[in-house]
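The file data_9.txt comes next; it holds compact mmCIF, C-alpha atoms.
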# COMPACT_ATOMS: atom_id res chain seq x y z
CA MET A 518 -78.87 41.14 14.55
CA SER A 519 -81.18 43.95 13.65
CA LEU A 520 -81.73 47.59 12.98
CA HIS A 521 -84.06 50.12 11.53
CA SER A 522 -80.86 51.44 10.06
CA ARG A 523 -80.56 55.13 9.54
CA THR A 524 -83.57 55.99 11.64
CA ALA A 525 -81.87 54.68 14.78
CA LEU A 526 -78.51 56.20 13.98
CA CYS A 527 -80.03 59.56 13.16
CA ALA A 528 -81.85 59.44 16.47
CA VAL A 529 -78.71 58.48 18.34
CA ALA A 530 -76.08 60.62 16.75
CA PRO A 531 -76.85 64.32 16.62
CA VAL A 532 -76.45 66.92 19.32
CA ALA A 533 -74.68 64.95 22.03
CA LEU A 534 -71.68 64.09 19.86
CA ARG A 535 -69.74 67.29 20.20
CA SER A 536 -67.08 66.61 17.62
CA SER A 537 -67.72 64.00 14.99
CA ASN A 538 -64.03 63.73 14.18
CA SER A 539 -62.59 63.86 17.68
CA PRO A 540 -60.71 60.83 19.06
CA ILE A 541 -62.53 58.43 21.36
CA SER A 542 -62.72 59.75 24.90
CA THR A 543 -64.61 58.89 28.06
CA GLN A 544 -63.83 61.98 30.08
CA GLU A 545 -67.02 63.98 29.84
CA LEU A 546 -69.73 63.29 32.42
CA THR A 547 -68.79 59.75 33.39
CA SER A 548 -65.88 58.62 35.48
CA GLU A 549 -64.02 55.62 34.10
CA ASN A 550 -64.24 54.12 37.59
CA LYS A 551 -68.05 54.09 37.57
CA HIS A 552 -69.66 50.66 37.61
CA TYR A 553 -73.06 50.31 35.92
CA LEU A 554 -74.97 47.94 38.16
CA GLU A 555 -78.19 48.29 36.19
CA LEU A 556 -76.41 47.19 33.02
CA ASP A 557 -75.09 44.18 34.97
CA GLY A 558 -78.66 43.32 35.85
CA LEU A 559 -79.73 43.51 32.22
CA ARG A 560 -76.86 41.25 31.20
CA GLY A 561 -78.21 38.56 33.52
CA VAL A 562 -81.74 39.01 32.18
CA ALA A 563 -80.46 38.59 28.63
CA ALA A 564 -78.40 35.49 29.51
CA LEU A 565 -81.40 33.80 31.12
CA SER A 566 -83.61 34.75 28.17
CA VAL A 567 -81.30 33.21 25.60
CA ALA A 568 -81.12 30.04 27.72
CA LEU A 569 -84.92 29.88 27.77
CA PHE A 570 -84.89 30.30 24.00
CA HIS A 571 -82.50 27.35 23.65
CA LEU A 572 -84.50 25.22 26.08
CA GLN A 573 -87.10 24.49 23.40
CA HIS A 574 -84.50 22.62 21.36
CA PHE A 575 -83.91 20.20 24.23
CA TYR A 576 -87.43 19.61 25.46
CA GLY A 577 -89.56 20.32 22.40
CA GLY A 578 -92.40 22.73 21.91
CA GLN A 579 -92.42 26.38 20.98
CA SER A 580 -90.48 28.62 23.35
CA PHE A 581 -92.18 31.65 24.81
CA PHE A 582 -88.81 33.35 24.36
CA GLY A 583 -89.06 33.13 20.58
CA HIS A 584 -86.70 36.04 20.00
CA GLY A 585 -84.21 35.16 22.71
CA TYR A 586 -81.53 35.01 20.02
CA LEU A 587 -81.62 38.82 19.95
CA ALA A 588 -79.90 38.72 23.34
CA VAL A 589 -76.66 38.16 21.40
CA ASP A 590 -77.05 41.52 19.67
CA PHE A 591 -77.82 43.09 23.03
CA PHE A 592 -74.61 41.55 24.45
CA PHE A 593 -72.54 42.93 21.57
CA MET A 594 -74.01 46.39 22.04
CA LEU A 595 -73.48 46.27 25.79
CA SER A 596 -69.89 45.14 25.26
CA GLY A 597 -69.15 48.11 23.02
CA PHE A 598 -70.57 50.47 25.64
CA VAL A 599 -68.66 48.93 28.54
CA LEU A 600 -65.31 48.63 26.73
CA MET A 601 -65.51 52.22 25.54
CA HIS A 602 -66.22 53.30 29.12
CA ALA A 603 -63.49 51.19 30.71
CA TYR A 604 -60.72 51.44 28.11
CA GLY A 605 -61.50 54.15 25.56
CA GLU A 606 -59.41 56.82 27.28
CA ARG A 607 -56.49 54.54 28.12
CA LEU A 608 -56.29 53.04 24.65
CA ALA A 609 -55.53 56.48 23.26
CA SER A 610 -51.93 55.35 23.86
CA ARG A 611 -50.66 52.34 21.93
CA ASP A 612 -48.58 51.36 24.96
CA THR A 613 -51.73 50.15 26.72
CA LEU A 614 -52.75 47.67 23.99
CA ALA A 615 -50.92 44.64 25.43
CA PRO A 616 -52.29 45.12 28.98
CA TYR A 617 -55.78 45.62 27.54
CA LEU A 618 -55.57 42.40 25.53
CA ARG A 619 -54.34 40.52 28.59
CA ASP A 620 -57.26 41.90 30.61
CA ARG A 621 -59.74 40.73 27.96
CA ALA A 622 -58.15 37.28 27.76
CA ILE A 623 -58.26 36.95 31.56
CA ARG A 624 -61.93 37.91 31.54
CA LEU A 625 -63.06 35.61 28.75
CA TYR A 626 -60.89 32.51 28.58
CA PRO A 627 -61.23 30.71 31.93
CA MET A 628 -64.93 30.08 31.27
CA LEU A 629 -64.38 29.46 27.56
CA ILE A 630 -62.02 26.63 28.51
CA ILE A 631 -64.35 25.07 31.07
CA GLY A 632 -67.25 25.34 28.62
CA ALA A 633 -65.23 23.38 26.06
CA VAL A 634 -64.32 20.80 28.71
CA ILE A 635 -68.00 20.23 29.55
CA GLY A 636 -68.83 20.13 25.84
CA PHE A 637 -66.09 17.57 25.31
CA GLY A 638 -67.56 15.45 28.10
CA PHE A 639 -70.96 15.40 26.42
CA ALA A 640 -69.47 14.68 22.98
CA TYR A 641 -67.34 11.87 24.43
CA ILE A 642 -70.28 10.26 26.24
CA THR A 643 -72.46 10.35 23.12
CA ARG A 644 -69.75 9.53 20.55
CA GLU A 645 -71.28 6.13 19.72
CA GLN A 646 -74.55 7.78 18.71
CA THR A 647 -72.81 10.45 16.64
CA SER A 648 -70.16 8.10 15.17
CA LEU A 649 -67.51 10.78 15.63
CA SER A 650 -63.92 9.76 16.22
CA LEU A 651 -62.19 10.67 19.46
CA ALA A 652 -59.55 12.59 17.50
CA PHE A 653 -62.26 14.69 15.85
CA ILE A 654 -63.86 15.48 19.20
CA ILE A 655 -60.53 16.38 20.84
CA ALA A 656 -59.55 18.64 17.95
CA ALA A 657 -62.88 20.48 17.94
CA SER A 658 -62.78 20.85 21.74
CA ALA A 659 -59.26 22.29 21.70
CA VAL A 660 -60.13 24.80 18.98
CA ASN A 661 -63.37 25.87 20.70
CA ALA A 662 -61.52 26.18 24.03
CA ALA A 663 -59.33 28.77 22.28
CA GLY A 664 -62.49 30.62 21.26
CA LEU A 665 -61.95 29.70 17.61
CA PRO A 666 -64.18 27.92 15.07
CA ALA A 667 -63.58 24.33 14.03
CA ILE A 668 -63.86 25.38 10.39
CA TRP A 669 -63.74 21.81 9.06
CA SER A 670 -67.15 21.20 10.62
CA LYS A 671 -70.53 22.31 9.27
CA ASN A 672 -71.19 23.75 12.71
CA PRO A 673 -67.79 25.17 13.75
CA PHE A 674 -68.88 25.61 17.38
CA TRP A 675 -70.71 22.35 17.96
CA ILE A 676 -68.68 21.44 21.07
CA ASN A 677 -70.14 24.42 22.91
CA GLY A 678 -72.69 26.48 21.02
CA PRO A 679 -72.26 29.86 22.79
CA THR A 680 -68.61 29.92 21.70
CA TRP A 681 -69.74 31.31 18.33
CA SER A 682 -70.77 34.67 19.80
CA LEU A 683 -67.71 34.74 22.07
CA PHE A 684 -65.49 34.25 19.02
CA PHE A 685 -66.98 37.41 17.53
CA GLU A 686 -66.70 39.11 20.93
CA VAL A 687 -62.96 38.36 20.92
CA VAL A 688 -62.63 39.67 17.35
CA ALA A 689 -64.45 42.89 18.23
CA SER A 690 -62.38 43.35 21.40
CA VAL A 691 -59.10 42.94 19.52
CA LEU A 692 -60.13 45.29 16.72
CA PHE A 693 -61.26 47.88 19.25
CA GLY A 694 -57.92 47.66 21.04
CA LEU A 695 -55.98 47.98 17.79
CA LEU A 696 -57.97 50.90 16.40
CA ALA A 697 -59.21 52.81 19.46
CA TYR A 698 -56.31 55.27 19.48
CA SER A 699 -57.28 56.58 16.03
CA ILE A 700 -61.01 55.93 15.72
CA THR A 701 -63.18 59.04 15.51
CA THR A 702 -66.87 59.30 16.21
CA ARG A 703 -67.49 59.93 12.52
CA ARG A 704 -65.76 56.68 11.63
CA ILE A 705 -67.68 54.75 14.27
CA ILE A 706 -70.96 56.08 12.87
CA LEU A 707 -69.84 55.10 9.37
CA VAL A 708 -69.04 51.54 10.51
CA ALA A 709 -72.32 51.29 12.41
CA GLY A 710 -74.34 52.65 9.49
CA LEU A 711 -72.71 50.43 6.87
CA SER A 712 -72.95 47.33 9.08
CA ALA A 713 -76.58 48.09 9.89
CA PHE A 714 -77.38 48.44 6.20
CA LEU A 715 -75.73 45.08 5.46
CA MET A 716 -77.68 43.58 8.35
CA LEU A 717 -80.90 44.77 6.76
CA VAL A 718 -79.90 43.20 3.47
CA LEU A 719 -79.08 39.89 5.17
CA ASN A 720 -82.24 40.10 7.22
CA HIS A 721 -84.28 40.53 4.03
CA HIS A 722 -82.94 37.21 2.72
CA VAL A 723 -82.94 35.24 5.99
CA GLY A 724 -86.09 36.70 7.55
CA LEU A 725 -84.59 37.23 11.02
CA PHE A 726 -81.31 38.13 12.72
CA GLY A 727 -80.44 34.59 13.82
CA PHE A 728 -77.28 34.04 11.80
CA GLY A 729 -73.52 33.84 12.34
CA TRP A 730 -73.20 30.53 14.18
CA THR A 731 -72.83 28.17 11.20
CA ARG A 732 -69.93 27.88 8.77
CA LYS A 733 -72.21 29.06 5.97
CA THR A 734 -73.20 32.26 7.82
CA MET A 735 -69.94 33.09 9.63
CA ALA A 736 -69.24 36.03 7.32
CA ALA A 737 -72.61 37.46 8.30
CA GLY A 738 -71.57 37.09 11.94
CA PHE A 739 -68.82 39.68 11.42
CA VAL A 740 -71.42 42.12 10.12
CA ARG A 741 -73.66 41.35 13.07
CA VAL A 742 -71.05 42.06 15.71
CA CYS A 743 -69.78 45.18 13.91
CA ALA A 744 -73.25 46.71 13.82
CA SER A 745 -74.16 46.25 17.48
CA PHE A 746 -70.67 46.74 18.90
CA ALA A 747 -70.21 50.02 17.00
CA ILE A 748 -73.61 51.25 18.18
CA GLY A 749 -72.51 50.43 21.74
CA LEU A 750 -69.44 52.65 21.27
CA ILE A 751 -71.67 55.49 20.08
CA LEU A 752 -74.04 54.99 23.00
CA GLN A 753 -71.21 55.43 25.51
CA ARG A 754 -70.28 58.72 23.85
CA LEU A 755 -73.87 59.85 24.04
CA HIS A 756 -74.18 58.80 27.68
CA SER A 757 -70.96 60.58 28.64
CA ALA A 758 -72.34 63.68 26.91
CA GLY A 759 -75.42 63.50 29.13
CA MET A 760 -78.10 61.83 27.02
CA LEU A 761 -80.66 60.18 29.32
CA ALA A 762 -78.09 60.37 32.13
CA ASN A 763 -78.87 61.14 35.77
CA GLY A 764 -82.39 59.80 35.60
CA GLY A 765 -84.59 58.34 38.30
CA LYS A 766 -85.19 54.68 39.05
CA ARG A 767 -86.05 53.34 35.62
CA TRP A 768 -87.69 50.11 36.73
CA TRP A 769 -89.36 49.61 33.33
CA VAL A 770 -86.12 48.82 31.44
CA ALA A 771 -85.77 45.14 32.42
CA PRO A 772 -89.46 44.28 31.78
CA VAL A 773 -89.28 45.91 28.35
CA LEU A 774 -86.11 43.94 27.55
CA VAL A 775 -87.83 40.69 28.53
CA ALA A 776 -90.89 41.64 26.46
CA SER A 777 -88.68 42.12 23.41
CA PHE A 778 -87.76 38.42 23.57
CA LEU A 779 -91.37 37.33 24.12
CA PHE A 780 -93.34 39.42 21.68
CA LEU A 781 -93.21 37.22 18.56
CA PRO A 782 -92.59 33.54 17.82
CA THR A 783 -89.20 32.83 16.28
CA TYR A 784 -90.19 32.39 12.65
CA SER A 785 -92.98 34.93 12.51
CA GLU A 786 -93.37 36.60 9.13
CA HIS A 787 -93.04 39.89 11.00
CA SER A 788 -89.54 39.09 12.28
CA VAL A 789 -88.01 40.68 9.19
CA PHE A 790 -89.32 44.04 10.45
CA TYR A 791 -89.33 43.32 14.16
CA ASP A 792 -85.67 42.34 14.60
CA PRO A 793 -84.19 45.52 13.06
CA ALA A 794 -86.60 47.73 14.99
CA VAL A 795 -85.71 46.07 18.30
CA VAL A 796 -81.95 45.88 17.84
CA PHE A 797 -81.39 49.28 16.25
CA GLY A 798 -84.23 51.18 17.86
CA LEU A 799 -85.22 49.70 21.21
CA TYR A 800 -81.93 48.31 22.55
CA PRO A 801 -79.99 51.60 22.26
CA LEU A 802 -82.78 53.28 24.21
CA LEU A 803 -82.75 50.60 26.91
CA ILE A 804 -78.96 50.77 27.33
CA LEU A 805 -78.95 54.56 27.61
CA ALA A 806 -81.89 54.52 30.00
CA SER A 807 -80.30 51.82 32.17
CA ALA A 808 -76.87 53.51 32.21
CA GLY A 809 -78.51 56.69 33.48
CA SER A 810 -80.79 54.99 36.00
CA GLN A 811 -80.39 55.01 39.74
CA ASP A 812 -79.62 51.59 41.21
CA LEU A 813 -82.77 49.60 41.90
CA TYR A 814 -81.64 46.38 43.58
CA PRO A 815 -77.82 46.54 43.79
CA SER A 816 -77.28 43.09 45.30
CA ILE A 817 -79.48 41.37 42.73
CA SER A 818 -77.92 43.31 39.86
CA LYS A 819 -74.43 42.45 41.04
CA LEU A 820 -75.23 38.74 41.27
CA SER A 821 -77.03 38.84 37.92
CA GLY A 822 -74.05 40.43 36.22
CA ALA A 823 -71.52 38.09 37.83
CA LEU A 824 -73.47 34.95 36.99
CA SER A 825 -74.48 35.97 33.46
CA TYR A 826 -71.23 35.11 31.70
CA PRO A 827 -70.55 31.71 33.32
CA PHE A 828 -74.17 30.71 32.84
CA TYR A 829 -74.23 31.83 29.21
CA VAL A 830 -71.02 29.96 28.39
CA VAL A 831 -71.95 26.60 29.90
CA HIS A 832 -75.75 26.42 29.69
CA ILE A 833 -75.92 24.47 26.42
CA PRO A 834 -73.42 21.68 27.29
CA LEU A 835 -74.96 21.42 30.77
CA LEU A 836 -78.51 21.17 29.39
CA SER A 837 -77.26 18.62 26.86
CA LEU A 838 -75.74 16.46 29.57
CA ILE A 839 -78.80 16.69 31.80
CA GLU A 840 -81.17 15.81 28.96
CA HIS A 841 -78.96 12.86 27.95
CA TYR A 842 -79.08 11.31 31.41
CA LEU A 843 -82.79 11.97 31.83
CA VAL A 844 -83.47 10.09 28.61
CA THR A 845 -81.01 7.34 29.58
CA PHE A 846 -82.87 6.75 32.85
CA GLY A 847 -86.27 6.86 31.18
CA VAL A 848 -87.44 10.18 32.62
CA LYS A 849 -90.15 11.82 30.53
CA LEU A 850 -89.17 15.21 29.16
CA ASN A 851 -91.71 17.90 29.93
CA GLY A 852 -92.06 21.37 31.39
CA TRP A 853 -91.10 20.20 34.86
CA THR A 854 -87.90 18.52 33.75
CA ALA A 855 -87.06 21.54 31.59
CA SER A 856 -87.49 23.91 34.54
CA SER A 857 -85.50 21.64 36.84
CA SER A 858 -82.71 21.37 34.27
CA LEU A 859 -82.52 25.14 33.94
CA ILE A 860 -82.37 25.60 37.72
CA ALA A 861 -79.67 22.93 37.96
CA SER A 862 -77.67 24.68 35.24
CA LEU A 863 -77.93 27.97 37.12
CA ALA A 864 -76.77 26.31 40.32
CA ILE A 865 -73.79 24.64 38.63
CA SER A 866 -72.91 27.95 36.96
CA TRP A 867 -72.85 29.64 40.36
CA VAL A 868 -70.53 26.94 41.71
CA LEU A 869 -68.23 27.43 38.71
CA LEU A 870 -68.30 31.20 39.22
CA ARG A 871 -67.56 30.98 42.93
CA TYR A 872 -64.97 28.21 43.00
CA TYR A 873 -63.39 28.34 39.55
CA ASP A 874 -63.92 31.50 37.50
CA GLU A 875 -63.45 34.13 40.22
CA PRO A 876 -60.39 32.51 41.89
CA VAL A 877 -58.69 31.84 38.55
CA ARG A 878 -59.30 35.36 37.26
CA THR A 879 -58.14 36.87 40.56
CA TYR A 880 -54.87 34.95 40.33
CA LEU A 881 -54.35 35.82 36.66
CA ARG A 882 -55.12 39.50 37.23
CA ARG A 883 -52.57 39.73 40.02
CA ARG A 884 -49.90 38.03 37.92
CA PHE A 885 -50.61 39.32 34.44
CA GLY A 886 -53.36 41.95 34.50
CA SER A 887 -52.91 45.64 33.82
CA ARG A 888 -52.36 48.02 36.72
CA ARG A 889 -56.07 48.84 36.67
CA HIS A 890 -56.99 45.21 37.27
CA ARG A 891 -54.40 44.11 39.81
CA GLY A 892 -55.04 43.72 43.50

Starting from the coordinates I provided, produce the structure as structure tokens.
Amino acid sequence: MSLHSRTALCAVAPVALRSSNSPISTQELTSENKHYLELDGLRGVAALSVALFHLQHFYGGQSFFGHGYLAVDFFFMLSGFVLMHAYGERLASRDTLAPYLRDRAIRLYPMLIIGAVIGFGFAYITREQTSLSLAFIIAASAVNAAGLPAIWSKNPFWINGPTWSLFFEVVASVLFGLLAYSITTRRIILVAGLSAFLMLVLNHHVGLFGFGWTRKTMAAGFVRVCASFAIGLILQRLHSAGMLANGGKRWWVAPVLVASFLFLPTYSEHSVFYDPAVVFGLYPLLILASAGSQDLYPSISKLSGALSYPFYVVHIPLLSLIEHYLVTFGVKLNGWTASSSLIASLAISWVLLRYYDEPVRTYLRRRFGSRRHRG
């Protein structure tokens, strides 16, 4: 989504990267078994923030979370960091590619499918208002359930909006798995720098980083994920080399992340400068600071991280369904109904996590997961 281009990369890249042409490795200061609870907590904060950003489209008014769309760039960056940490060393061997891809599919697809099912339900219920054929709805639902765009539609991810970013997440995950054995730090920096530059060019024309989810801007979505995902890979290298590692309890990280979504209204004339500065300057700092922080509230962070993905995937179709029935029964839409709808969506997401996502993934990991993820 955004970047102050070379400034951020120059700040991130220098001393800590020991060998700019050495293969990807995670064996320096961090153990590949370490779990970053504080990053889990931030993932939940970002998921809730993007939901609050979307809430304005259901209940009207200007959202306080005017830049909640930047949470997508934060997710991409976080994904690059986490995948490098968890798989970078193992993917040095091509033999581990298939198990890695199975692990990623097991992690992503159970909720992708249920999100498409809920989206199908909403589209089916409202088909008379939209005048869409049942065949069209079924086809779009099946394609979105596979994490793919319905390219015949103006909005290829209309069945379940969040699928657009998960499509690019899948693309980035696959490319990382295919190329990790040969990627060097120098090449990662080149990809990050070029993608960031293209992001700045796109940002100049669009005025903000909110692109990639329509058919017209899908090509820009590839640039968007490449920029943040590649920066996340670099950040893991820097963290493993000791940058901002082993710090105290950095309680300020989550409030600053929330503030980044609140600071400006969505279409502010300053967004063209703000978005690059936040994505390429602030978010790398927050991820490094959080990765090196002592655990603050482990139980809350664990729940936040676990709930973030299910909630992110299903929040739009759930909010759509709730709004539809509120209007059908003549309930006035206001701040109270918006808050209640959000709480209901969180509760349903927890039920899906507890009784669907976790049991299904546990079964699939035991049957098909890599050795690391069995048991």

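Each of A:Phe726, A:Phe637, A:Tyr829, A:Trp675 was checked against Ala564 (chain A) using all atoms listed in the file; the smallest atom-to-atom distance is that of A:Tyr829.
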
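Once Ser566 (chain A) and its same-chain neighbours fewer than 4 positions away are set aside, Val562, Phe570, Phe582 and Gly585 of chain A remain within 7 Å of it when counting all atoms listed in the file.
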
Straight-line distance linking CA of Ile630 (chain A) with CA of Ser658 (chain A), stated in Å to one decimal: 8.9 Å

Compile a residue-level contact table for region 809-880 of chain A against region 586-601 of chain A at a cut-off of 12 Å, reporting for every qualifying residue the shortest atom pair and its distance in Å to one decimal, with only C-alpha atoms counted, rows ordered by chain and ascending number, as a Markdown table.
| residue | atom | partner | partner_atom | distance |
| --- | --- | --- | --- | --- |
| A:Gly822 | CA | A:Phe592 | CA | 11.8 |
| A:Ser825 | CA | A:Phe592 | CA | 10.6 |
| A:Tyr826 | CA | A:Phe592 | CA | 10.3 |
| A:Tyr829 | CA | A:Val589 | CA | 10.3 |

All residues 12 Å or closer to Ile642 (chain A), all atoms listed in the file, same chain fewer than 6 positions away omitted, as number ranges by chain: A: 635-636, 648-651, 654, 834, 837-838, 841-842, 845

Excluding Ala615 (chain A) and any residue of its chain fewer than 3 positions from it, enumerate the residues within 12 Å of it, using all atoms listed in the file, and give them as a ChimeraX atom specification. /A:607-608,610-612,618-622,691,694-695,885-888

Near-Tyr873 (chain A) list (10 Å; all atoms listed in the file; drop same-chain fewer than 5 positions) as a list in words: Pro627, Met628, Ile631, Ser866, Trp867, Val868 and Arg878 of chain A

Here CA of Ala659 (chain A) and CA of Gly729 (chain A) stand apart by 20.6 Å

Excluding same-chain residues fewer than 2 positions from region 732-740 of chain A, what lies within 6 Å of it counting only C-alpha atoms, as a PyMOL selection string? chain A and resi 671-672+712+728-729+742-743

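Restricting the calculation to all atoms listed in the file, the smallest distance between Val687 (chain A) and any of A:Val723, A:Leu805, A:Val844, A:Leu629 is found for A:Leu629.
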
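Counting all atoms listed in the file, the residue from A:Leu779, A:Gly605, A:Leu824, A:Ile839 that sits nearest to Glu875 (chain A) is A:Leu824.
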
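Here CA of Ala633 (chain A) is placed at a distance of 11.0 Å from CA of Ala656 (chain A).
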